[in-house]
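Take a look at the structure set out below.
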Amino acid sequence: MARLPYKIINETQCFLAELVPGIKAEPDESNPCHFHVVIAGPQDSPFEGGTFKPELFLPEDYPVAAPEVCFMSKIYHSNVDKLVRICLGILKDNWSPALQIHTVLLSIQALLSAPNSDDPLANDVAEQWKTNEAQAIEIARAWTKLHVINNI
Amino acid sequence: MNFAVGFKPLLGDAHSMDNLEKQLICPICLEMFSKPVVILPCQHNLCRKCANDVFQASNPLWQSRGSTTVSSGGRFRCPSCRHEVVLDRHGVYGLQRNLLVENIIDIYKQESSRPLHSKAEQHLMCEEHEEEKINIYCLSCEVPTCSLCKVFGAHKDCEVAPLPNIYKRQKSELSDGIAMLVAGNDRVQAVITQMEEVCQTIEDNSRRQKQLLGQKFETLCAVLEERKAELLQTLAREQEEKLQRVRGLIRQYGDHLEASSKLVESAIQSMEEPQMALYLQQAKELIKKVGDMAKVELAGRPEPGYESMEQFSVNVEHVAEMLRTIDFQTGGSGEEEEEELVLEGEDVSAGAEEERQEASEGLH
């Protein structure tokens, strides 16, 4: 196996030193390119209080290729679909090799605060968000309570 | 006690060297730029190797050879600012090198390794024996020294120990001392914080007490006003009573005066009557009336001093005196009435009297 690129080692060390508040990332024991992530639901959002656990994979040509993220936790959000894909620009066309794992995770956390219903992945959720935002927020809050609160 | 020391001070301190190093790190591999370093049109720098990796990923179909119809060599976006970089047919090899950055990195690397060298080579030499390293510690004189000094020189008859041992021991001592001092400092800080809290509490408590005091005094003022009103009312009633009585007397006397004056007038008129017979007809009755009138005694004159309202003056001197003695209680619950202090004093002294009497009785 090729030696692990220094960038990945450096980033892993930064996470172990817990330099980013609200976000935790731990490499899997058997695969240093597979990270178990914990993101706290942003304050003042319907996801507040929940702990979400996406999985992050670094492809072989990272950082030239973007990391892959599966949003494993159940969430009522316009840009996260049932198949756990996330619709986030920097994970696709807008990726840059200068970006790092923690910037990606912060962007995901920001996306939680601000769902973009005009460019959705989960169409029915986006519909609900556009027609009756207050109710959508309530559903999101209920899902948060039901599925991701206290699941540390 | 002079040691010959030989080393140069570091150029720049650790903090600015750190900052400098951060500027020289490639955003893609997160290591210091590796030569050759290329500079993009947007002024950002990359290792050419990393630039090539990015370029290849963005242009998987591009081939460096052949394909002369393709005038441009593909394009990619700067990782730092997403500025689009258009390449010629040489690809990343057509990008300008940044020799300045490369030189700076060379110098920086030299700079970083030099102090380590000098530190490794540097050793304190004995002043007496210039070729001898200071490698032992004299316990008697408490100075580091060299072996020759121990064998032949000043420390012949002294006790020595290996330098590393004493080094460890003294480092440990200092470390313990530091820990103690730090703990002491923490304690002092805790006390400071506590005292600051005490200050705040003092201010809060004082504010409360001031407020209570103000309230108590306001109550006193209210009582004073009330009493004034009561006394004024009494005074007014008294005044009214007296006035009524005297005015009644005035009316009485007035009526009498009127009757009497009218009589005088008719009597005088009668005196004018020239005719003796007519005069005598009226005279008898008039004489009787005049005589009766003169005998009327009007009673009920108010005694002297009736007009005086002197008895309605108040002497507030003793009250004022008592008010002046209002003072704080020296250790009570703080919520008691201050006025009771004076009364309490009386009760206490009265009680003490009784106790003394009982005691003396008990002795008999």
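How things are named: the first chain in the structure tokens is A, the next is B, and so on; residues count from 1 in each chain; ligands count from 1 in the order shown.
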>> Tell me as a PyMOL selection string which residues belonging to chain B come within 7 Å of chain A, counting only C-alpha atoms.
In response: chain B and resi 27-30+53-54+57+79-80
Output file for the selection above: all heavy atoms, as a tab-separated table (two decimals), in the first residue's frame:
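Contents of out-v3.tsv, freshly written:
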```
chain	number	residue	atom	x	y	z
B	27	PRO	N	-0.78	24.39	-0.21
B	27	PRO	CA	-2.12	24.08	0.28
B	27	PRO	C	-2.61	22.69	-0.12
B	27	PRO	O	-3.56	22.19	0.44
B	27	PRO	CB	-3.01	25.15	-0.36
B	27	PRO	CG	-2.25	25.64	-1.53
B	27	PRO	CD	-0.82	25.49	-1.22
B	28	ILE	N	-1.91	22.06	-1.06
B	28	ILE	CA	-2.39	20.75	-1.51
B	28	ILE	C	-1.77	19.63	-0.72
B	28	ILE	O	-2.45	18.74	-0.24
B	28	ILE	CB	-2.10	20.58	-3.01
B	28	ILE	CG1	-2.85	21.66	-3.78
B	28	ILE	CG2	-2.47	19.18	-3.47
B	28	ILE	CD1	-2.87	21.45	-5.25
B	29	CYS	N	-0.45	19.66	-0.54
B	29	CYS	CA	0.19	18.57	0.20
B	29	CYS	C	0.44	18.93	1.65
B	29	CYS	O	0.86	18.09	2.45
B	29	CYS	CB	1.51	18.17	-0.48
B	29	CYS	SG	2.68	19.52	-0.65
B	30	LEU	N	0.17	20.21	2.01
B	30	LEU	CA	0.33	20.67	3.38
B	30	LEU	C	1.75	20.51	3.90
B	30	LEU	O	1.98	20.48	5.11
B	30	LEU	CB	-0.64	19.94	4.33
B	30	LEU	CG	-2.08	20.43	4.33
B	30	LEU	CD1	-2.83	19.86	5.49
B	30	LEU	CD2	-2.16	21.94	4.33
B	53	ASP	N	-0.83	17.27	-10.43
B	53	ASP	CA	-1.88	16.37	-9.95
B	53	ASP	C	-3.24	17.00	-10.15
B	53	ASP	O	-4.18	16.37	-10.65
B	53	ASP	CB	-1.67	16.05	-8.46
B	53	ASP	CG	-0.45	15.18	-8.22
B	53	ASP	OD1	-0.02	14.52	-9.21
B	53	ASP	OD2	0.08	15.18	-7.10
B	54	VAL	N	-3.35	18.25	-9.78
B	54	VAL	CA	-4.63	18.95	-9.93
B	54	VAL	C	-5.02	19.04	-11.40
B	54	VAL	O	-6.16	18.77	-11.80
B	54	VAL	CB	-4.57	20.37	-9.34
B	54	VAL	CG1	-5.90	21.09	-9.51
B	54	VAL	CG2	-4.19	20.32	-7.87
B	57	ALA	N	-6.20	15.80	-12.88
B	57	ALA	CA	-7.54	15.43	-12.44
B	57	ALA	C	-8.61	16.23	-13.17
B	57	ALA	O	-9.70	15.73	-13.43
B	57	ALA	CB	-7.67	15.66	-10.93
B	79	PRO	N	-6.46	26.15	-6.69
B	79	PRO	CA	-7.11	25.58	-5.50
B	79	PRO	C	-7.43	26.63	-4.44
B	79	PRO	O	-8.39	26.49	-3.69
B	79	PRO	CB	-6.07	24.59	-4.95
B	79	PRO	CG	-5.14	24.33	-6.07
B	79	PRO	CD	-5.12	25.56	-6.91
B	80	SER	N	-6.66	27.70	-4.39
B	80	SER	CA	-6.88	28.68	-3.32
B	80	SER	C	-7.98	29.67	-3.66
B	80	SER	O	-8.72	30.08	-2.78
B	80	SER	CB	-5.59	29.45	-3.03
B	80	SER	OG	-4.55	28.54	-2.75
```
>> Excluding Ile139 in chain A and its own-chain neighbours fewer than 5 positions away, which residues fall within 9 Å of it when counting only C-alpha atoms? Please give them as a PyMOL selection string.
In response: chain A and resi 46+76+134+144
>> Between CA of Glu218 in chain B and CA of Val316 in chain B, what is the distance in Å, rounded to a tenth?
In response: 18.6 Å
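Interatomic distance, CA of Gly153 in chain B to CA of His129 in chain B: 9.6 Å.
You will find CA of Ile105 in chain B at 27.8 Å from CA of Asp88 in chain B.
Using only C-alpha atoms, the residues found no farther than 10 Å from Cys14 in chain A, other than those of its own chain fewer than 6 positions away, are Ile8, Val20, Ala25 and His102 of chain A.
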> Looking at A:Lys53, A:Lys24, A:His34, A:His77, which one is nearest to Lys130 in chain A, with distances taken over only C-alpha atoms?
Replying inline: A:His77
> Which residues in range 84-241 of chain B does DSSP call helix (DSSP H, G or I)? List them as JSON, numbers by chain.
Replying inline: {"B": [91, 92, 93, 94, 99, 100, 101, 102, 103, 104, 105, 106, 107, 108, 109, 110, 111, 112, 113, 114, 115, 116, 117, 118, 119, 120, 121, 147, 148, 149, 150, 151, 163, 164, 165, 166, 167, 168, 169, 170, 171, 172, 173, 174, 175, 176, 177, 178, 179, 180, 181, 182, 183, 184, 185, 186, 187, 188, 189, 190, 191, 192, 193, 194, 195, 196, 197, 198, 199, 200, 201, 202, 203, 204, 205, 206, 207, 208, 209, 210, 211, 212, 213, 214, 215, 216, 217, 218, 219, 220, 221, 222, 223, 224, 225, 226, 227, 228, 229, 230, 231, 232, 233, 234, 235, 236, 237, 238, 239, 240, 241]}
>> List the spatial neighbours of Met309 in chain B as a list in words - criterion: any atom at most 10 Å away, only C-alpha atoms, same-chain residues fewer than 2 positions off excluded.
In response: Leu235, Glu238, Gln239, Gly305, Tyr306, Glu307, Gln311, Phe312 and Ser313 of chain B
> Which residues, written as a PyMOL selection string, have at least one atom at most 12 Å from Pro32 in chain A, with only C-alpha atoms counted and residues fewer than 2 positions away on the same chain left out?
Replying inline: chain A and resi 1+3-5+8-9+11-13+25-30+34-36+56-60
Based on the selection just made, write N, CA and C atoms of those residues as a PDB file, in the first residue's frame.
```pdb
ATOM      1  N   MET A   1       0.837  -1.192   0.000  1.00  0.00           N
ATOM      2  CA  MET A   1       0.000   0.000   0.000  1.00  0.00           C
ATOM      3  C   MET A   1       0.878   1.250   0.000  1.00  0.00           C
ATOM      4  N   ARG A   3       2.386   4.869   0.704  1.00  0.00           N
ATOM      5  CA  ARG A   3       2.488   5.582   1.968  1.00  0.00           C
ATOM      6  C   ARG A   3       1.420   6.649   2.036  1.00  0.00           C
ATOM      7  N   LEU A   4       0.863   6.816   3.231  1.00  0.00           N
ATOM      8  CA  LEU A   4      -0.215   7.777   3.402  1.00  0.00           C
ATOM      9  C   LEU A   4       0.308   9.192   3.148  1.00  0.00           C
ATOM     10  N   PRO A   5      -0.385   9.976   2.300  1.00  0.00           N
ATOM     11  CA  PRO A   5       0.074  11.346   2.046  1.00  0.00           C
ATOM     12  C   PRO A   5       0.138  12.154   3.338  1.00  0.00           C
ATOM     13  N   ILE A   8      -2.989  13.939   4.794  1.00  0.00           N
ATOM     14  CA  ILE A   8      -3.961  13.163   5.564  1.00  0.00           C
ATOM     15  C   ILE A   8      -3.468  12.982   7.000  1.00  0.00           C
ATOM     16  N   ILE A   9      -2.162  12.716   7.152  1.00  0.00           N
ATOM     17  CA  ILE A   9      -1.610  12.544   8.499  1.00  0.00           C
ATOM     18  C   ILE A   9      -1.808  13.818   9.310  1.00  0.00           C
ATOM     19  N   GLU A  11      -3.950  16.282   8.865  1.00  0.00           N
ATOM     20  CA  GLU A  11      -5.352  16.563   9.195  1.00  0.00           C
ATOM     21  C   GLU A  11      -5.849  15.660  10.310  1.00  0.00           C
ATOM     22  N   THR A  12      -5.443  14.376  10.248  1.00  0.00           N
ATOM     23  CA  THR A  12      -5.859  13.447  11.306  1.00  0.00           C
ATOM     24  C   THR A  12      -5.363  13.936  12.661  1.00  0.00           C
ATOM     25  N   GLN A  13      -4.106  14.387  12.693  1.00  0.00           N
ATOM     26  CA  GLN A  13      -3.553  14.886  13.953  1.00  0.00           C
ATOM     27  C   GLN A  13      -4.333  16.078  14.483  1.00  0.00           C
ATOM     28  N   ALA A  25     -13.860  14.028  14.327  1.00  0.00           N
ATOM     29  CA  ALA A  25     -13.610  13.052  13.249  1.00  0.00           C
ATOM     30  C   ALA A  25     -12.531  12.101  13.707  1.00  0.00           C
ATOM     31  N   GLU A  26     -12.822  10.801  13.603  1.00  0.00           N
ATOM     32  CA  GLU A  26     -11.861   9.787  14.040  1.00  0.00           C
ATOM     33  C   GLU A  26     -11.616   8.824  12.905  1.00  0.00           C
ATOM     34  N   PRO A  27     -10.351   8.517  12.627  1.00  0.00           N
ATOM     35  CA  PRO A  27     -10.124   7.531  11.563  1.00  0.00           C
ATOM     36  C   PRO A  27     -10.510   6.131  12.027  1.00  0.00           C
ATOM     37  N   ASP A  28     -10.977   5.344  11.075  1.00  0.00           N
ATOM     38  CA  ASP A  28     -11.317   3.960  11.389  1.00  0.00           C
ATOM     39  C   ASP A  28     -10.032   3.190  11.679  1.00  0.00           C
ATOM     40  N   GLU A  29     -10.117   2.207  12.611  1.00  0.00           N
ATOM     41  CA  GLU A  29      -8.909   1.477  13.005  1.00  0.00           C
ATOM     42  C   GLU A  29      -8.231   0.782  11.838  1.00  0.00           C
ATOM     43  N   SER A  30      -9.065   0.200  10.939  1.00  0.00           N
ATOM     44  CA  SER A  30      -8.464  -0.589   9.866  1.00  0.00           C
ATOM     45  C   SER A  30      -8.207   0.215   8.603  1.00  0.00           C
ATOM     46  N   HIS A  34     -10.809   6.346   6.150  1.00  0.00           N
ATOM     47  CA  HIS A  34     -12.237   6.281   6.449  1.00  0.00           C
ATOM     48  C   HIS A  34     -12.443   6.944   7.810  1.00  0.00           C
ATOM     49  N   PHE A  35     -13.238   8.018   7.829  1.00  0.00           N
ATOM     50  CA  PHE A  35     -13.417   8.763   9.065  1.00  0.00           C
ATOM     51  C   PHE A  35     -14.835   8.642   9.593  1.00  0.00           C
ATOM     52  N   HIS A  36     -14.936   8.396  10.896  1.00  0.00           N
ATOM     53  CA  HIS A  36     -16.238   8.429  11.563  1.00  0.00           C
ATOM     54  C   HIS A  36     -16.403   9.843  12.113  1.00  0.00           C
ATOM     55  N   LEU A  56     -17.080   9.683   6.262  1.00  0.00           N
ATOM     56  CA  LEU A  56     -16.306  10.391   5.255  1.00  0.00           C
ATOM     57  C   LEU A  56     -15.206   9.482   4.728  1.00  0.00           C
ATOM     58  N   PHE A  57     -15.069   9.433   3.396  1.00  0.00           N
ATOM     59  CA  PHE A  57     -14.042   8.588   2.767  1.00  0.00           C
ATOM     60  C   PHE A  57     -13.126   9.451   1.925  1.00  0.00           C
ATOM     61  N   LEU A  58     -11.825   9.237   2.081  1.00  0.00           N
ATOM     62  CA  LEU A  58     -10.857   9.951   1.246  1.00  0.00           C
ATOM     63  C   LEU A  58     -10.451   9.044   0.091  1.00  0.00           C
ATOM     64  N   PRO A  59     -10.750   9.493  -1.159  1.00  0.00           N
ATOM     65  CA  PRO A  59     -10.364   8.645  -2.293  1.00  0.00           C
ATOM     66  C   PRO A  59      -8.851   8.628  -2.455  1.00  0.00           C
ATOM     67  N   GLU A  60      -8.389   7.746  -3.349  1.00  0.00           N
ATOM     68  CA  GLU A  60      -6.951   7.560  -3.461  1.00  0.00           C
ATOM     69  C   GLU A  60      -6.220   8.816  -3.893  1.00  0.00           C
TER      70      GLU A  60
END
```
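Within 9 Å of Asp119 in chain A, once only C-alpha atoms are used and residues closer than 2 positions along the same chain are dropped, the contacting residues are Ser78, Asn79, Cys87, Asn116, Ser117, Leu121 and Ala126 of chain A.
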